[in-house]
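Chemist: One structure is given below, represented as structure tokens, and several questions about it will come after.
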Amino acid sequence: MRSKGKSAIEKVFSRLTSKDAHSGDFLWASPDLVYVHDVLGPMMLDSYRKLGNPALRYRGRTLFVYDHIFPPKDSASANNILSMKDFASLNGIESIPAGEGIEHTLLIERGDIKLGMFVVGSDSHTVTAGANGAFGAGLGSTDLACLLASGKTWFMVPETILFRLSGKFNRFVTGKDVILSIISKIGVDGANYRCMEFRTEGRAHLGLDERLAIANMTVEAGAKTCFLPPDVSQEKLIEIQSDEDARILEEFPVDLSSVEPEIAAPYSPGNVKHLSDLQGTKVNQVYIGNCANGTLSDLKEAAEILKHNHVREGVTMIVVPATRSIYSKALELGLIKIFLDSGAVVSPPTCGACAGLHMGVLGHDQVCISNTNRNFRGRMGDPTSKVYLANSYVAAAAAVEGKIVNPQEVF
Amino acid sequence: MSRIFVFGDDIDTDVIAPGGYLHLGIEDVKKHCMEAIYPDFWKDVSKGDIIVAGKNFGTGSSREQAPVVLMELGISLILATSFARIFFRNAVNVGLPIGTITGPLEFKQGDDVNFDLEKGELIRAADHKAIKFKAPSGALADILSEGGIIPYTLKKLGRLPDEKR
Ligand code: SF4
């Protein structure tokens, strides 16, 4: 039986198609915004050529971002960017100047991804749009080429699972821990093909940076898209979020005050343990930064730990502000100096070693603790390397001791 | 005849197509496909072979190199108990046949099989034992039968792939 109310994602697809869309429907739609990065871009251009280079249907709604391998590490990656820039200028696509930052964080910061929008990108972490009250979904390169050429792409309207967050964060606990604990509960395919929608209740509140951390990793539970409540009026929120009588597949209460620092051990973001279970695990690299956790909050958290400490000998610590403006603010606040003085390396905004691309790729048997989002085999480099995923406090504390410790111990 | 390669649960796109080689193009990615769990996969696999896996196959990235590299190495069908969303979508779009099975699987690595996409049936050559699989239906089946979303879109746009440009 169909309920009267609509879920948030049903509202979006109803708007896009001017029809009454329900979860499970198969439909063709035109997203509000498309963005493409430098790893999938060249493949997308190949597909576009196979389509006969038709006139672009998405002018004004397409952005090219050069963030994955920027600054280019070799001529192949430089040529990839050049080919995209050429295509962009020929076809009237906006190219975001390289070096501005990592796409998912940057496009929210720049105001491209707005409340209620439906955006698609050449990247699975396009779900991060949910942090700003928008709906994002990742697509492949051929898909995007066909969308740019024909103006439409296919979707199944997903079902919704709802997370009701209450309570307040404990010390040294962040959005990262919330999403890790949710993934450990529902599994790495617990939200496959679904929309993960969040509500905050009572005293619970999530700032943008916490929402970025949570939204970003919903795809690690398989989510197609997600929605978190941004800081807007209650009326606006009610308009966008699921109606009270909408059909919700499952509901989960999450008491923030019961969340502890969590760590995903190799080789799955779902292999989640409490910090206390992994204390003493030796690490030789610490990585702070990516599209979810290269925020100013993350840099502040890491700097809080490093302020009176030094990176342990034999450990490499790499800090990557997600955007130029975050970098600039960190500079003003003296955070960059704290990192440099403590022995960390500061990189320009880039995806870098998060996906094993450049700027900190791991070697044989190296162990890294990182505040990024994936720890698959070989994710950050050599197939024998290992990655632990944690929040920025926990990662920075490990840099000080060369092993996983409770941040309280080095604070 | 096709040979079966068996993989477990949650085979991710970093294992299928490691990030460090993507910018070099598919020929380079080929030599590293599955290397973290099966270093010689690219040498052992041959045209027409089949992958059978557990749940959530293709979890992770949107990199289309994942289904493409498997296709380029000769994989003609992937069966899994479930697929991660973007991998599923990409496979359909590039025209790589996929299907879902209900586990547990009784066929082993190296078994020779024949398959019938239309019937959704995999038959072991040795004893003619058959298992059923569910291929995509509706519009997705149309996209697959056209050979992927490029030929499908060209048809929609009113131009055929072999037409002179
Ligand atoms: S920072 Fe990492 S997860 Fe985010 S878009 Fe870049 S490679 Fe992907």
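Residues are referred to by chain and number: the chain letter is A, B, ... according to the order shown in the structure tokens, the number counts from 1 in that chain, and ligands are numbered separately from 1 in the order shown.
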Could you list the residues in chain A lying within 9 Å of chain B, using only C-alpha atoms, and format the result as an MDAnalysis selection string?
Modeler: chainID A and resid 26 38:40 42:43 47:48 50:52 69 76:77 80 122:125 138:143 145:146 149:150 188:189 192:193 219:220 222:224 268 355:358 361 374 376:384
Chemist: Given the selection you just returned, output its residues as a file containing N, CA and C atoms, formatted as a short mmCIF file (atom, residue, chain, number, x, y, z; two decimals), in the first residue's frame.
Modeler:
```
data_model
loop_
_atom_site.label_atom_id
_atom_site.label_comp_id
_atom_site.auth_asym_id
_atom_site.auth_seq_id
_atom_site.Cartn_x
_atom_site.Cartn_y
_atom_site.Cartn_z
N PHE A 26 11.40 3.13 -11.88
CA PHE A 26 12.52 3.32 -12.80
C PHE A 26 12.18 4.54 -13.65
N ASP A 38 39.41 14.42 -12.67
CA ASP A 38 40.47 14.10 -13.63
C ASP A 38 40.82 12.62 -13.74
N VAL A 39 40.25 11.75 -12.92
CA VAL A 39 40.53 10.32 -13.11
C VAL A 39 39.50 9.67 -14.04
N LEU A 40 38.24 10.06 -13.89
CA LEU A 40 37.21 9.50 -14.77
C LEU A 40 36.99 10.37 -16.02
N PRO A 42 38.98 11.63 -18.47
CA PRO A 42 39.48 11.19 -19.78
C PRO A 42 38.68 10.02 -20.35
N MET A 43 38.22 9.11 -19.49
CA MET A 43 37.40 8.00 -19.96
C MET A 43 36.05 8.50 -20.45
N SER A 47 34.21 8.13 -24.18
CA SER A 47 32.82 7.73 -24.43
C SER A 47 32.10 8.81 -25.24
N TYR A 48 32.40 10.06 -24.94
CA TYR A 48 31.75 11.16 -25.65
C TYR A 48 32.10 11.15 -27.14
N LYS A 50 32.87 8.43 -28.76
CA LYS A 50 32.13 7.30 -29.34
C LYS A 50 30.69 7.67 -29.64
N LEU A 51 30.19 8.66 -28.94
CA LEU A 51 28.83 9.13 -29.20
C LEU A 51 28.79 10.11 -30.38
N GLY A 52 29.97 10.37 -30.95
CA GLY A 52 30.03 11.26 -32.11
C GLY A 52 30.14 12.73 -31.75
N ILE A 69 44.69 13.95 -9.12
CA ILE A 69 46.16 13.92 -9.26
C ILE A 69 46.61 15.32 -9.64
N ALA A 76 51.49 11.63 -17.86
CA ALA A 76 50.17 11.04 -18.16
C ALA A 76 49.08 11.80 -17.40
N SER A 77 49.32 12.07 -16.12
CA SER A 77 48.27 12.78 -15.36
C SER A 77 48.15 14.23 -15.81
N ASN A 80 46.08 14.15 -18.96
CA ASN A 80 44.66 13.91 -18.66
C ASN A 80 43.96 15.22 -18.37
N SER A 122 31.26 12.02 -11.08
CA SER A 122 32.02 10.86 -11.54
C SER A 122 32.74 10.22 -10.37
N ASP A 123 32.13 10.25 -9.20
CA ASP A 123 32.85 9.81 -8.02
C ASP A 123 31.85 9.27 -7.01
N SER A 124 32.19 8.14 -6.40
CA SER A 124 31.24 7.53 -5.46
C SER A 124 30.95 8.44 -4.27
N HIS A 125 31.92 9.30 -3.92
CA HIS A 125 31.71 10.17 -2.76
C HIS A 125 30.88 11.42 -3.07
N GLY A 138 26.88 8.97 -7.17
CA GLY A 138 28.01 8.75 -8.07
C GLY A 138 27.58 7.97 -9.29
N LEU A 139 28.17 8.32 -10.43
CA LEU A 139 27.93 7.60 -11.68
C LEU A 139 29.26 7.32 -12.35
N GLY A 140 29.27 6.39 -13.28
CA GLY A 140 30.49 6.11 -14.04
C GLY A 140 30.65 7.05 -15.22
N SER A 141 31.76 6.89 -15.94
CA SER A 141 32.10 7.87 -16.97
C SER A 141 31.22 7.75 -18.23
N THR A 142 30.89 6.53 -18.63
CA THR A 142 30.05 6.37 -19.82
C THR A 142 28.65 6.90 -19.55
N ASP A 143 28.18 6.62 -18.35
CA ASP A 143 26.91 7.17 -17.90
C ASP A 143 26.87 8.68 -18.04
N ALA A 145 28.84 10.61 -19.85
CA ALA A 145 28.94 11.04 -21.25
C ALA A 145 27.56 11.01 -21.89
N CYS A 146 26.81 9.93 -21.64
CA CYS A 146 25.47 9.82 -22.23
C CYS A 146 24.52 10.86 -21.65
N ALA A 149 25.25 14.10 -23.31
CA ALA A 149 24.82 14.09 -24.71
C ALA A 149 23.30 14.08 -24.87
N SER A 150 22.62 13.32 -24.01
CA SER A 150 21.18 13.15 -24.22
C SER A 150 20.34 13.99 -23.25
N VAL A 188 28.63 -3.13 5.39
CA VAL A 188 29.09 -2.37 4.22
C VAL A 188 28.12 -2.43 3.05
N ASP A 189 27.09 -3.26 3.16
CA ASP A 189 26.05 -3.21 2.14
C ASP A 189 24.68 -2.98 2.77
N ASN A 192 22.72 -0.55 0.73
CA ASN A 192 22.90 -0.67 -0.72
C ASN A 192 21.61 -0.27 -1.46
N TYR A 193 21.77 0.59 -2.45
CA TYR A 193 20.67 1.13 -3.27
C TYR A 193 19.70 2.03 -2.49
N VAL A 219 28.34 6.08 1.59
CA VAL A 219 28.56 5.18 0.44
C VAL A 219 29.33 3.93 0.89
N GLU A 220 30.05 4.04 1.99
CA GLU A 220 30.75 2.86 2.52
C GLU A 220 29.76 1.86 3.12
N GLY A 222 27.08 1.45 1.28
CA GLY A 222 26.42 1.13 0.02
C GLY A 222 25.37 2.14 -0.43
N ALA A 223 25.16 3.22 0.37
CA ALA A 223 24.05 4.14 0.07
C ALA A 223 24.16 4.74 -1.33
N LYS A 224 23.01 4.91 -1.96
CA LYS A 224 22.95 5.59 -3.24
C LYS A 224 23.09 7.09 -3.03
N SER A 268 38.47 -3.32 5.58
CA SER A 268 37.11 -2.90 5.24
C SER A 268 36.65 -1.78 6.16
N ALA A 355 43.60 7.75 -2.26
CA ALA A 355 43.28 6.64 -3.16
C ALA A 355 44.55 6.06 -3.77
N GLY A 356 45.68 6.21 -3.07
CA GLY A 356 46.93 5.65 -3.56
C GLY A 356 47.44 6.31 -4.82
N LEU A 357 47.10 7.59 -5.02
CA LEU A 357 47.41 8.24 -6.29
C LEU A 357 48.79 8.89 -6.29
N HIS A 358 49.09 9.70 -5.30
CA HIS A 358 50.39 10.37 -5.19
C HIS A 358 50.50 11.04 -3.81
N VAL A 361 51.94 7.80 -0.99
CA VAL A 361 51.53 6.42 -1.29
C VAL A 361 52.36 5.47 -0.41
N ARG A 374 38.43 4.93 3.10
CA ARG A 374 38.51 3.54 2.62
C ARG A 374 39.83 2.90 3.03
N PHE A 376 40.55 -0.48 1.90
CA PHE A 376 40.61 -1.73 1.13
C PHE A 376 42.07 -2.12 0.92
N ARG A 377 42.29 -3.38 0.53
CA ARG A 377 43.65 -3.83 0.22
C ARG A 377 44.23 -2.95 -0.89
N GLY A 378 45.41 -2.40 -0.64
CA GLY A 378 46.07 -1.61 -1.66
C GLY A 378 45.47 -0.23 -1.89
N ARG A 379 44.51 0.17 -1.10
CA ARG A 379 43.85 1.45 -1.32
C ARG A 379 44.84 2.63 -1.36
N MET A 380 45.77 2.63 -0.40
CA MET A 380 46.69 3.76 -0.33
C MET A 380 48.07 3.42 -0.89
N GLY A 381 48.17 2.32 -1.61
CA GLY A 381 49.46 1.98 -2.20
C GLY A 381 49.69 0.49 -2.29
N ASP A 382 50.85 0.03 -1.82
CA ASP A 382 51.25 -1.37 -1.97
C ASP A 382 50.16 -2.32 -1.44
N PRO A 383 49.92 -3.42 -2.16
CA PRO A 383 48.88 -4.37 -1.71
C PRO A 383 49.12 -4.93 -0.30
N THR A 384 50.37 -4.90 0.16
CA THR A 384 50.66 -5.43 1.50
C THR A 384 50.49 -4.38 2.60
#
```
Chemist: Under the rule of at most 8 Å, produce a per-residue listing of chain A near ligand 1: chain, number, name, the closest pair of atoms, and the distance in Å, as a tab-separated table, using only C-alpha atoms and all ligand atoms.
Modeler:
```
residue	atom	partner	partner_atom_place_in_ligand_line	distance
A:Asp67	CA	ligand 1	6 (Fe)	7.1
A:His68	CA	ligand 1	6 (Fe)	5.6
A:Ile102	CA	ligand 1	6 (Fe)	6.3
A:Glu103	CA	ligand 1	5 (S)	6.7
A:His104	CA	ligand 1	5 (S)	6.8
A:Asp123	CA	ligand 1	5 (S)	6.6
A:Ser124	CA	ligand 1	8 (Fe)	7.4
A:His125	CA	ligand 1	5 (S)	6.0
A:Gly289	CA	ligand 1	1 (S)	7.4
A:Asn290	CA	ligand 1	1 (S)	3.8
A:Cys291	CA	ligand 1	4 (Fe)	4.1
A:Ala292	CA	ligand 1	4 (Fe)	6.6
A:Ala322	CA	ligand 1	1 (S)	7.9
A:Thr350	CA	ligand 1	1 (S)	7.0
A:Cys351	CA	ligand 1	6 (Fe)	3.9
A:Gly352	CA	ligand 1	7 (S)	7.0
A:Ala353	CA	ligand 1	7 (S)	7.7
A:Cys354	CA	ligand 1	2 (Fe)	4.5
A:Ala355	CA	ligand 1	7 (S)	4.7
A:Leu357	CA	ligand 1	7 (S)	7.9
A:Thr372	CA	ligand 1	2 (Fe)	6.8
A:Asn373	CA	ligand 1	3 (S)	6.1
A:Arg374	CA	ligand 1	3 (S)	7.3
```
Chemist: Neighbouring residues of A:Trp154 were defined as those with any atom within 8 Å, considering only C-alpha atoms; residues of the same chain fewer than 4 positions away were excluded. Please report them as a list in words.
Modeler: Phe26, Leu27, Trp28 and Ala29 of chain A
Chemist: Can you pull out every residue from stretch 226-405 of chain A that DSSP, working from the backbone, puts in alpha helix (DSSP H), and format the result as a PyMOL selection string?
Modeler: chain A and resi 234-240+275-278+296-306+324-332+335-342+392-401
Chemist: Just N, CA and C atoms for this one: save the residues we selected as a CSV table (one decimal), in the first residue's frame.
Modeler:
```
chain,number,residue,atom,x,y,z
A,234,GLN,N,13.1,25.5,10.2
A,234,GLN,CA,12.3,24.3,10.4
A,234,GLN,C,11.3,24.1,9.2
A,235,GLU,N,10.8,25.3,8.7
A,235,GLU,CA,9.8,25.2,7.6
A,235,GLU,C,10.5,24.6,6.3
A,236,LYS,N,11.7,25.2,6.1
A,236,LYS,CA,12.5,24.7,4.9
A,236,LYS,C,12.8,23.2,5.0
A,237,LEU,N,13.2,22.8,6.2
A,237,LEU,CA,13.6,21.5,6.5
A,237,LEU,C,12.4,20.5,6.2
A,238,ILE,N,11.3,20.9,6.8
A,238,ILE,CA,10.1,20.1,6.6
A,238,ILE,C,9.7,19.9,5.1
A,239,GLU,N,9.9,21.0,4.4
A,239,GLU,CA,9.7,20.9,2.9
A,239,GLU,C,10.5,19.9,2.3
A,240,ILE,N,11.8,19.7,2.7
A,240,ILE,CA,12.7,18.9,2.0
A,240,ILE,C,12.8,17.4,2.6
A,275,LEU,N,38.4,1.9,19.9
A,275,LEU,CA,39.8,2.4,20.0
A,275,LEU,C,40.6,1.5,21.0
A,276,SER,N,39.9,1.2,22.1
A,276,SER,CA,40.6,0.4,23.2
A,276,SER,C,41.0,-1.0,22.7
A,277,ASP,N,40.3,-1.5,21.7
A,277,ASP,CA,40.7,-2.9,21.2
A,277,ASP,C,42.0,-2.8,20.4
A,278,LEU,N,42.3,-1.6,19.9
A,278,LEU,CA,43.5,-1.6,18.9
A,278,LEU,C,44.7,-0.8,19.5
A,296,LEU,N,38.4,22.3,8.3
A,296,LEU,CA,39.1,23.2,9.3
A,296,LEU,C,39.0,22.5,10.7
A,297,SER,N,37.8,21.9,10.9
A,297,SER,CA,37.6,21.2,12.2
A,297,SER,C,38.7,20.1,12.4
A,298,ASP,N,38.9,19.3,11.3
A,298,ASP,CA,39.8,18.3,11.4
A,298,ASP,C,41.3,18.8,11.7
A,299,LEU,N,41.6,19.9,11.0
A,299,LEU,CA,42.9,20.4,11.2
A,299,LEU,C,43.1,21.0,12.6
A,300,LYS,N,42.0,21.6,13.1
A,300,LYS,CA,42.0,22.1,14.5
A,300,LYS,C,42.2,20.9,15.5
A,301,GLU,N,41.5,19.8,15.2
A,301,GLU,CA,41.6,18.7,16.1
A,301,GLU,C,43.0,18.1,16.1
A,302,ALA,N,43.6,18.0,15.0
A,302,ALA,CA,44.9,17.4,14.9
A,302,ALA,C,45.9,18.4,15.5
A,303,ALA,N,45.7,19.7,15.3
A,303,ALA,CA,46.6,20.7,15.9
A,303,ALA,C,46.5,20.7,17.4
A,304,GLU,N,45.3,20.5,18.0
A,304,GLU,CA,45.1,20.4,19.4
A,304,GLU,C,46.1,19.3,20.0
A,305,ILE,N,46.2,18.2,19.3
A,305,ILE,CA,47.0,17.1,19.8
A,305,ILE,C,48.5,17.5,19.6
A,306,LEU,N,48.8,18.1,18.5
A,306,LEU,CA,50.2,18.3,18.1
A,306,LEU,C,50.8,19.5,18.8
A,324,ARG,N,41.7,25.3,-0.8
A,324,ARG,CA,42.6,26.4,-0.6
A,324,ARG,C,42.2,27.3,0.5
A,325,SER,N,40.9,27.5,0.6
A,325,SER,CA,40.4,28.5,1.7
A,325,SER,C,40.6,27.9,3.1
A,326,ILE,N,40.4,26.5,3.2
A,326,ILE,CA,40.7,25.9,4.5
A,326,ILE,C,42.2,26.0,4.8
A,327,TYR,N,43.0,25.8,3.8
A,327,TYR,CA,44.5,26.0,4.0
A,327,TYR,C,44.8,27.4,4.5
A,328,SER,N,44.1,28.4,3.8
A,328,SER,CA,44.4,29.8,4.2
A,328,SER,C,43.9,30.1,5.6
A,329,LYS,N,42.7,29.6,6.0
A,329,LYS,CA,42.3,29.8,7.3
A,329,LYS,C,43.2,29.1,8.4
A,330,ALA,N,43.6,27.9,8.0
A,330,ALA,CA,44.5,27.2,8.9
A,330,ALA,C,45.8,28.0,9.1
A,331,LEU,N,46.2,28.7,8.1
A,331,LEU,CA,47.4,29.5,8.1
A,331,LEU,C,47.2,30.7,9.1
A,332,GLU,N,46.1,31.3,8.9
A,332,GLU,CA,45.7,32.5,9.8
A,332,GLU,C,45.7,32.1,11.2
A,335,LEU,N,47.6,27.1,12.6
A,335,LEU,CA,47.6,25.6,12.6
A,335,LEU,C,48.8,25.0,11.8
A,336,ILE,N,49.0,25.7,10.6
A,336,ILE,CA,50.0,25.1,9.7
A,336,ILE,C,51.4,25.2,10.4
A,337,LYS,N,51.6,26.2,11.2
A,337,LYS,CA,52.9,26.4,11.9
A,337,LYS,C,53.0,25.2,12.9
A,338,ILE,N,51.9,25.0,13.6
A,338,ILE,CA,51.9,23.8,14.6
A,338,ILE,C,52.3,22.5,13.9
A,339,PHE,N,51.7,22.3,12.7
A,339,PHE,CA,52.0,21.1,12.0
A,339,PHE,C,53.5,21.0,11.6
A,340,LEU,N,54.0,22.1,11.0
A,340,LEU,CA,55.4,22.2,10.6
A,340,LEU,C,56.3,22.0,11.8
A,341,ASP,N,56.1,22.7,12.8
A,341,ASP,CA,56.9,22.7,14.0
A,341,ASP,C,56.9,21.3,14.7
A,342,SER,N,55.8,20.6,14.5
A,342,SER,CA,55.8,19.3,15.1
A,342,SER,C,56.4,18.2,14.3
A,392,SER,N,40.3,12.5,13.5
A,392,SER,CA,41.6,13.3,13.4
A,392,SER,C,42.3,13.3,14.8
A,393,TYR,N,41.6,13.3,15.9
A,393,TYR,CA,42.3,13.3,17.2
A,393,TYR,C,43.1,12.0,17.3
A,394,VAL,N,42.4,10.9,17.0
A,394,VAL,CA,43.0,9.5,17.2
A,394,VAL,C,44.2,9.4,16.2
A,395,ALA,N,44.1,9.9,15.0
A,395,ALA,CA,45.1,9.8,14.0
A,395,ALA,C,46.3,10.6,14.4
A,396,ALA,N,46.1,11.8,14.9
A,396,ALA,CA,47.2,12.7,15.3
A,396,ALA,C,47.9,12.1,16.5
A,397,ALA,N,47.1,11.6,17.4
A,397,ALA,CA,47.7,11.0,18.7
A,397,ALA,C,48.7,9.8,18.3
A,398,ALA,N,48.3,9.1,17.3
A,398,ALA,CA,49.1,8.0,16.8
A,398,ALA,C,50.4,8.5,16.3
A,399,ALA,N,50.4,9.7,15.7
A,399,ALA,CA,51.6,10.2,15.1
A,399,ALA,C,52.6,10.5,16.2
A,400,VAL,N,52.1,10.9,17.4
A,400,VAL,CA,53.0,11.3,18.5
A,400,VAL,C,53.6,10.1,19.1
A,401,GLU,N,52.9,9.0,19.2
A,401,GLU,CA,53.4,7.8,19.9
A,401,GLU,C,53.9,6.7,18.9
```
Chemist: Please give the complete set of residues from stretch 118-250 of chain A that DSSP, run on the backbone, assigns to strand (DSSP E), formatted as a PyMOL selection string.
Modeler: chain A and resi 118-121+135-138+153-156+160-166+195-200+225-227+250
Chemist: Write out as a list in words each polymer residue whose atoms come within 7 Å of stretch 109-115 of chain A, counting only C-alpha atoms; drop sequence neighbours fewer than 6 positions from it.
Modeler: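 That gives Ala129, Asn132, Gly133 and Ala134 of chain A.
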Chemist: Using only C-alpha atoms, which residues sit within 12 Å of A:Glu244 once same-chain residues fewer than 4 positions away are excluded, as an mmCIF file with N, CA, C and O atoms, in the first residue's frame?
Modeler:
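Ended up saving to result.cif:
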```
data_model
loop_
_atom_site.group_PDB
_atom_site.id
_atom_site.type_symbol
_atom_site.label_atom_id
_atom_site.label_comp_id
_atom_site.auth_asym_id
_atom_site.auth_seq_id
_atom_site.Cartn_x
_atom_site.Cartn_y
_atom_site.Cartn_z
ATOM 1 N N SER A 3 1.790 4.954 0.990
ATOM 2 C CA SER A 3 1.416 5.919 2.020
ATOM 3 C C SER A 3 1.229 7.285 1.373
ATOM 4 O O SER A 3 1.655 7.532 0.253
ATOM 5 N N LYS A 4 0.592 8.182 2.098
ATOM 6 C CA LYS A 4 0.291 9.498 1.528
ATOM 7 C C LYS A 4 1.534 10.369 1.417
ATOM 8 O O LYS A 4 1.748 11.055 0.450
ATOM 9 N N GLY A 5 2.321 10.291 2.498
ATOM 10 C CA GLY A 5 3.482 11.164 2.536
ATOM 11 C C GLY A 5 4.580 10.706 1.588
ATOM 12 O O GLY A 5 4.528 9.594 1.072
ATOM 13 N N LYS A 6 5.555 11.600 1.381
ATOM 14 C CA LYS A 6 6.667 11.257 0.504
ATOM 15 C C LYS A 6 7.977 11.267 1.277
ATOM 16 O O LYS A 6 8.169 12.077 2.179
ATOM 17 N N SER A 7 8.867 10.395 0.869
ATOM 18 C CA SER A 7 10.210 10.460 1.438
ATOM 19 C C SER A 7 10.943 11.608 0.749
ATOM 20 O O SER A 7 10.522 12.086 -0.314
ATOM 21 N N ALA A 8 12.038 12.043 1.368
ATOM 22 C CA ALA A 8 12.795 13.172 0.813
ATOM 23 C C ALA A 8 13.229 12.891 -0.614
ATOM 24 O O ALA A 8 13.094 13.740 -1.501
ATOM 25 N N LEU A 162 16.058 5.604 7.919
ATOM 26 C CA LEU A 162 16.122 6.840 8.703
ATOM 27 C C LEU A 162 16.912 6.643 9.997
ATOM 28 O O LEU A 162 16.706 5.658 10.706
ATOM 29 N N ARG A 199 18.056 12.572 11.012
ATOM 30 C CA ARG A 199 17.329 13.620 11.756
ATOM 31 C C ARG A 199 18.107 13.893 13.022
ATOM 32 O O ARG A 199 18.641 12.951 13.608
ATOM 33 N N ILE A 238 11.256 20.909 6.756
ATOM 34 C CA ILE A 238 10.059 20.070 6.616
ATOM 35 C C ILE A 238 9.702 19.890 5.143
ATOM 36 O O ILE A 238 9.301 18.824 4.704
ATOM 37 N N GLU A 239 9.940 20.964 4.381
ATOM 38 C CA GLU A 239 9.676 20.924 2.950
ATOM 39 C C GLU A 239 10.536 19.851 2.268
ATOM 40 O O GLU A 239 10.077 19.151 1.376
ATOM 41 N N ILE A 240 11.799 19.743 2.705
ATOM 42 C CA ILE A 240 12.744 18.867 2.001
ATOM 43 C C ILE A 240 12.766 17.449 2.558
ATOM 44 O O ILE A 240 12.769 16.476 1.817
ATOM 45 N N ILE A 248 9.041 4.533 5.236
ATOM 46 C CA ILE A 248 10.447 4.410 5.621
ATOM 47 C C ILE A 248 10.707 2.925 5.840
ATOM 48 O O ILE A 248 9.962 2.261 6.575
#
```
Chemist: So that I can check the surroundings of B:Ser137, please list as a list of chain:residue names every protein, DNA and RNA residue that reaches within 12 Å of it, counting only C-alpha atoms and ignoring chain neighbours fewer than 6 positions away.
Modeler: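 The neighbour list is A:Phe26, B:Val92, B:Pro97, B:Ile98, B:Gly99, B:Thr100, B:Leu117, B:Glu118, B:Gly120, B:Ile143, B:Leu144, B:Ser145.
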Chemist: Can you write out the residues you just picked, keeping C-alpha atoms, as a compact mmCIF listing (two decimals), in the first residue's frame?
Modeler:
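Ended up saving to out-v6.txt:
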```
# COMPACT_ATOMS: atom_id res chain seq x y z
CA PHE A 26 12.52 3.32 -12.80
CA VAL B 92 25.17 -2.59 -17.50
CA PRO B 97 26.62 -9.23 -18.55
CA ILE B 98 25.94 -9.74 -14.84
CA GLY B 99 23.48 -11.71 -12.82
CA THR B 100 22.55 -12.51 -9.26
CA LEU B 117 22.08 -15.46 -20.80
CA GLU B 118 18.48 -15.52 -21.93
CA GLY B 120 19.68 -17.33 -16.93
CA ILE B 143 20.67 -1.49 -22.50
CA LEU B 144 22.64 -4.73 -22.08
CA SER B 145 21.27 -6.29 -25.23
```
Chemist: Calculated over only C-alpha atoms, which of the candidates B:Ile131, B:Leu77, B:Ile16, B:Met71 has the smallest distance to B:Ser2?
Modeler: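 Closest candidate: B:Leu77.
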Chemist: For B:Leu122, which residue out of B:Val52, B:Lys43, B:Leu73, B:Gly58 is the nearest one, using only C-alpha atoms?
Modeler: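 The shortest atom-to-atom distance to B:Leu122 comes from B:Val52.
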Chemist: Please list as a list in words every residue within 6 Å of A:Cys368, counting only C-alpha atoms and excluding residues in the same chain fewer than 3 positions away.
Modeler: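 Near neighbours after the sequence-gap exclusion: Val283, Gln285, Val286 and Val387 of chain A.
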Chemist: Which is closest to A:Thr323 among A:Asp245, A:Val311, A:Gly294, A:Lys185, if we use only C-alpha atoms?
Modeler: A:Gly294
